[in-house]
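**Student:** Before anything else, here's the structure in question.
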Amino acid sequence: MTESGTAAWLGAKQATYAARRPPWTGYVLGGVILLGGGTPLLIAMAVALGASIPLLAFSLMYAVFGWMLIEKIKLARRGRNARLDLFQHGAVVTTHDGKAHAFGWDSVRVHQDVLHSRKNGVTESSHVYTLIGEDGVALTIGDTRRTSTSRYAGIAAHMQGAEFTDPEQWGPAIVQAVSETQLRRALEDVARGRELIFNTIRLSLNGMEFKGQTLPWPRIREMRPVNGRLHVKEDGRRLLSMDVPVSSIPNFPVFYTLAKRLHEATRQS
């Protein structure tokens with residue numbers, strides 16, 4: 001990561017995305033209703049009933065509303081002056097303090113965490129992408145309420161970025177650019193006998209290693225992502241040999257393509 005958003009090595013700019021503005025209308029109306037109507041009602045109930053239950057209930061409502069309001073203010077602050085620029089050879093994330101952090105497609109580690117859910121018949125998506133530079137500094141952009149530094153191994157620091165508009169566009173664009181840039185080199189490195197590390201998983205010509213256990217490629221019966229998790233089944237076992245969140249594996253398309261090719265090559269030989 002660097003703090004130079006105009007580095008020549010980035011190449012031509014391809015797209016720019018602004019920070020998403022949080023909706024305030026609902027919170028303003030909620031505050032007016034809660035404070036304007038709830039406070040007089042609270043006083044009336046406390047006087048009439050002479051009990052602490054109404055006070056406790058409304059205090060809880062005030063606390064929840066206050067917490068949600070603070071979170072919205074934090075989100076708005078992170079989005080101030082923030083911008084995401086995609087270039088031919090990398091991306092630049094400008095944070096609220098005006099600092100530009102550059103990531104090259106040839107070296108960045110990207111953790112992708114995309115969740116889809118249905119609410120009232122409508123599919124909603126939550127996008128989180130964490131970019132880790134060569135210096136080990138991680139920057140999370142997207143729905144930062146769902147992040148956890150525990151899933152990112154070997155990072156020096158973790159920064160919370162902004163939510164940018166159109167994540168369904170810039171998210172896949174980042175992942176595709178990284179895959180196109182790093183896959184060929186990964187295939188060449190493994191062919192030369194090198195072991196590649198993807199957070200807690202190691203890949204080599206011999207097999208896949210996870211938590212100190214090595215699974216040789218010939219023993220792996222099936223390997224596929226299921227509902228945001230990587231499932232690996234081993235010959236002769238009913239239980240899963242590996243069940244790992246996709247979001248914990250950096251550059252997952254590179255990892256998965258590489259693992260599938262190594263597995264298929266072994267099974268066909």
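Ligands are numbered from 1 in the order shown, chains are lettered A, B, ... in the order of the structure tokens, and residues start at 1 in each chain.
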Using DSSP assignments from the backbone, pull out every residue in segment 106-233 of chain A that falls under strand (DSSP E) and give it to me as an MDAnalysis selection string.
**Tutor:** chainID A and resid 109:119 122:132 137:142 157:160 196:198 201:203 207:210 213:216 220:226 229:233
**Student:** When you look at Leu139 of chain A with a cut-off of 9 Å (counting only C-alpha atoms), what residues show up, excluding the ones that are within fewer than 3 positions of it in the same chain? I need them as a ChimeraX atom specification.
**Tutor:** /A:93,101,129-133,157-161
**Student:** Interatomic distance between atom CA of Trp9 of chain A and atom CA of Ala102 of chain A?
**Tutor:** 10.4 Å
**Student:** If you run DSSP on the backbone here, which positions in segment 67-234 of chain A get helix (DSSP H, G or I)? Please write them as a compact mmCIF listing (two decimals) with N, CA, C and O atoms, in the first residue's frame.
**Tutor:**
# COMPACT_ATOMS: atom_id res chain seq x y z
N TRP A 67 -27.77 4.43 19.62
CA TRP A 67 -26.70 3.60 19.05
C TRP A 67 -26.78 3.58 17.53
O TRP A 67 -25.77 3.71 16.84
N MET A 68 -28.01 3.42 16.99
CA MET A 68 -28.17 3.40 15.54
C MET A 68 -27.78 4.74 14.92
O MET A 68 -27.19 4.79 13.84
N LEU A 69 -28.11 5.82 15.60
CA LEU A 69 -27.76 7.14 15.10
C LEU A 69 -26.25 7.34 15.08
O LEU A 69 -25.70 7.89 14.12
N ILE A 70 -25.57 6.88 16.12
CA ILE A 70 -24.11 6.99 16.17
C ILE A 70 -23.47 6.20 15.05
O ILE A 70 -22.51 6.65 14.41
N GLU A 71 -24.00 5.00 14.77
CA GLU A 71 -23.45 4.20 13.68
C GLU A 71 -23.63 4.90 12.33
O GLU A 71 -22.74 4.85 11.47
N LYS A 72 -24.77 5.56 12.13
CA LYS A 72 -24.99 6.29 10.89
C LYS A 72 -24.04 7.47 10.77
O LYS A 72 -23.54 7.77 9.68
N ILE A 73 -23.78 8.13 11.87
CA ILE A 73 -22.85 9.26 11.86
C ILE A 73 -21.44 8.77 11.52
O ILE A 73 -20.71 9.40 10.73
N LYS A 74 -21.04 7.61 12.06
CA LYS A 74 -19.74 7.04 11.74
C LYS A 74 -19.65 6.71 10.25
O LYS A 74 -18.62 6.96 9.60
N LEU A 75 -20.72 6.13 9.71
CA LEU A 75 -20.75 5.77 8.30
C LEU A 75 -20.62 7.02 7.43
O LEU A 75 -19.89 7.04 6.44
N ALA A 76 -21.36 8.07 7.80
CA ALA A 76 -21.29 9.31 7.04
C ALA A 76 -19.90 9.93 7.11
O ALA A 76 -19.39 10.46 6.12
N ARG A 77 -19.26 9.84 8.26
CA ARG A 77 -17.92 10.39 8.42
C ARG A 77 -16.91 9.64 7.57
O ARG A 77 -16.03 10.24 6.94
N ARG A 78 -17.03 8.30 7.53
CA ARG A 78 -16.10 7.52 6.70
C ARG A 78 -16.27 7.83 5.22
O ARG A 78 -15.34 7.70 4.43
N GLY A 79 -17.49 8.24 4.82
CA GLY A 79 -17.74 8.51 3.42
C GLY A 79 -17.36 9.90 2.97
O GLY A 79 -17.30 10.17 1.77
N THR A 144 -19.13 -2.31 6.17
CA THR A 144 -18.11 -2.56 7.19
C THR A 144 -18.68 -3.02 8.53
O THR A 144 -17.92 -3.35 9.43
N ARG A 145 -19.99 -3.05 8.68
CA ARG A 145 -20.57 -3.52 9.94
C ARG A 145 -20.36 -5.02 10.14
O ARG A 145 -20.53 -5.53 11.24
N ARG A 146 -19.99 -5.76 9.08
CA ARG A 146 -19.86 -7.22 9.19
C ARG A 146 -18.41 -7.68 9.19
O ARG A 146 -18.14 -8.84 8.99
N THR A 149 -11.44 -8.68 12.02
CA THR A 149 -10.01 -8.81 11.72
C THR A 149 -9.49 -10.21 12.03
O THR A 149 -8.40 -10.56 11.59
N SER A 150 -10.25 -11.02 12.76
CA SER A 150 -9.77 -12.34 13.15
C SER A 150 -9.59 -13.27 11.96
O SER A 150 -8.85 -14.24 12.03
N ARG A 151 -10.28 -12.99 10.85
CA ARG A 151 -10.20 -13.89 9.71
C ARG A 151 -9.04 -13.56 8.78
O ARG A 151 -8.78 -14.25 7.83
N PRO A 167 -21.64 -1.57 -5.51
CA PRO A 167 -20.68 -2.61 -5.16
C PRO A 167 -20.78 -3.84 -6.06
O PRO A 167 -19.80 -4.58 -6.20
N GLU A 168 -21.96 -4.06 -6.66
CA GLU A 168 -22.10 -5.20 -7.56
C GLU A 168 -21.31 -5.00 -8.85
O GLU A 168 -21.13 -5.95 -9.63
N GLN A 169 -20.79 -3.80 -9.07
CA GLN A 169 -19.94 -3.53 -10.23
C GLN A 169 -18.47 -3.53 -9.85
O GLN A 169 -17.67 -4.27 -10.43
N TRP A 170 -18.09 -2.71 -8.85
CA TRP A 170 -16.67 -2.60 -8.54
C TRP A 170 -16.12 -3.84 -7.81
O TRP A 170 -14.93 -4.16 -7.94
N GLY A 171 -16.98 -4.55 -7.08
CA GLY A 171 -16.51 -5.75 -6.39
C GLY A 171 -16.03 -6.82 -7.35
O GLY A 171 -14.87 -7.24 -7.30
N PRO A 172 -16.90 -7.29 -8.27
CA PRO A 172 -16.45 -8.28 -9.25
C PRO A 172 -15.32 -7.77 -10.15
O PRO A 172 -14.48 -8.55 -10.59
N ALA A 173 -15.30 -6.46 -10.43
CA ALA A 173 -14.23 -5.91 -11.27
C ALA A 173 -12.88 -6.06 -10.59
O ALA A 173 -11.88 -6.42 -11.24
N ILE A 174 -12.82 -5.81 -9.29
CA ILE A 174 -11.57 -5.98 -8.54
C ILE A 174 -11.15 -7.44 -8.52
O ILE A 174 -9.99 -7.78 -8.78
N VAL A 175 -12.09 -8.32 -8.21
CA VAL A 175 -11.79 -9.75 -8.13
C VAL A 175 -11.30 -10.29 -9.48
O VAL A 175 -10.33 -11.05 -9.54
N GLN A 176 -11.96 -9.87 -10.56
CA GLN A 176 -11.57 -10.35 -11.88
C GLN A 176 -10.19 -9.84 -12.27
O GLN A 176 -9.37 -10.60 -12.82
N ALA A 177 -9.90 -8.58 -11.98
CA ALA A 177 -8.59 -8.02 -12.32
C ALA A 177 -7.47 -8.73 -11.57
O ALA A 177 -6.41 -9.03 -12.14
N VAL A 178 -7.70 -9.00 -10.29
CA VAL A 178 -6.70 -9.72 -9.50
C VAL A 178 -6.50 -11.14 -10.03
O VAL A 178 -5.36 -11.63 -10.15
N SER A 179 -7.58 -11.80 -10.37
CA SER A 179 -7.49 -13.17 -10.88
C SER A 179 -6.73 -13.22 -12.20
O SER A 179 -5.85 -14.08 -12.40
N GLU A 180 -7.06 -12.32 -13.11
CA GLU A 180 -6.39 -12.30 -14.41
C GLU A 180 -4.91 -12.01 -14.28
O GLU A 180 -4.10 -12.49 -15.09
N THR A 181 -4.54 -11.23 -13.27
CA THR A 181 -3.14 -10.85 -13.10
C THR A 181 -2.33 -11.90 -12.36
O THR A 181 -1.17 -12.15 -12.69
N GLN A 182 -2.92 -12.53 -11.34
CA GLN A 182 -2.14 -13.40 -10.46
C GLN A 182 -2.24 -14.89 -10.76
O GLN A 182 -1.39 -15.67 -10.32
N LEU A 183 -3.26 -15.33 -11.52
CA LEU A 183 -3.46 -16.76 -11.71
C LEU A 183 -2.30 -17.41 -12.46
O LEU A 183 -1.80 -18.47 -12.05
N ARG A 184 -1.87 -16.82 -13.56
CA ARG A 184 -0.79 -17.43 -14.35
C ARG A 184 0.47 -17.58 -13.52
O ARG A 184 1.12 -18.63 -13.56
N ARG A 185 0.82 -16.55 -12.75
CA ARG A 185 2.02 -16.64 -11.92
C ARG A 185 1.87 -17.72 -10.86
O ARG A 185 2.83 -18.45 -10.54
N ALA A 186 0.66 -17.86 -10.29
CA ALA A 186 0.43 -18.89 -9.28
C ALA A 186 0.59 -20.29 -9.87
O ALA A 186 1.20 -21.18 -9.25
N LEU A 187 0.07 -20.49 -11.08
CA LEU A 187 0.22 -21.78 -11.74
C LEU A 187 1.69 -22.09 -12.01
O LEU A 187 2.15 -23.23 -11.82
N GLU A 188 2.44 -21.10 -12.43
CA GLU A 188 3.86 -21.29 -12.72
C GLU A 188 4.63 -21.59 -11.44
O GLU A 188 5.53 -22.44 -11.43
N ASP A 189 4.30 -20.88 -10.35
CA ASP A 189 5.01 -21.11 -9.09
C ASP A 189 4.77 -22.53 -8.57
O ASP A 189 5.71 -23.19 -8.11
N VAL A 190 3.53 -23.01 -8.64
CA VAL A 190 3.25 -24.36 -8.17
C VAL A 190 3.93 -25.39 -9.05
O VAL A 190 4.45 -26.40 -8.56
N ALA A 191 3.96 -25.15 -10.35
CA ALA A 191 4.62 -26.07 -11.28
C ALA A 191 6.11 -26.19 -10.97
O ALA A 191 6.72 -27.25 -11.21
N TRP A 217 -3.99 -34.78 -3.06
CA TRP A 217 -5.00 -34.59 -4.10
C TRP A 217 -5.75 -35.87 -4.47
O TRP A 217 -6.99 -35.82 -4.65
N PRO A 218 -5.09 -37.02 -4.57
CA PRO A 218 -5.83 -38.24 -4.94
C PRO A 218 -6.89 -38.65 -3.92
O PRO A 218 -7.85 -39.35 -4.27
N ARG A 219 -6.74 -38.23 -2.65
CA ARG A 219 -7.70 -38.61 -1.62
C ARG A 219 -8.90 -37.68 -1.55
O ARG A 219 -9.89 -37.99 -0.89
**Student:** Skip segment 193-198 of chain A itself and residues of its chain fewer than 3 positions away, then list as a list of chain:residue names all residues within 9 Å of it, counting only C-alpha atoms.
**Tutor:**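 After dropping sequence-adjacent residues, the list is A:Ala186, A:Glu188, A:Asp189, A:Val190, A:Ile201, A:Arg202, A:Leu203, A:Ser204, A:Leu205, A:Ser248, A:Ile249, A:Pro250, A:Asn251, A:Phe252, A:Phe255.
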**Student:** Considering only C-alpha atoms, can you say which of A:Lys119, A:Gln88, A:Glu163, A:His111 comes closest to Ala138 of chain A?
**Tutor:** A:His111
**Student:** What separation in Å, quoted to one decimal, exists between atom CA of Arg229 of chain A and atom CA of Ser126 of chain A?
**Tutor:**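 That distance, rounded to one decimal, is 16.1 Å.
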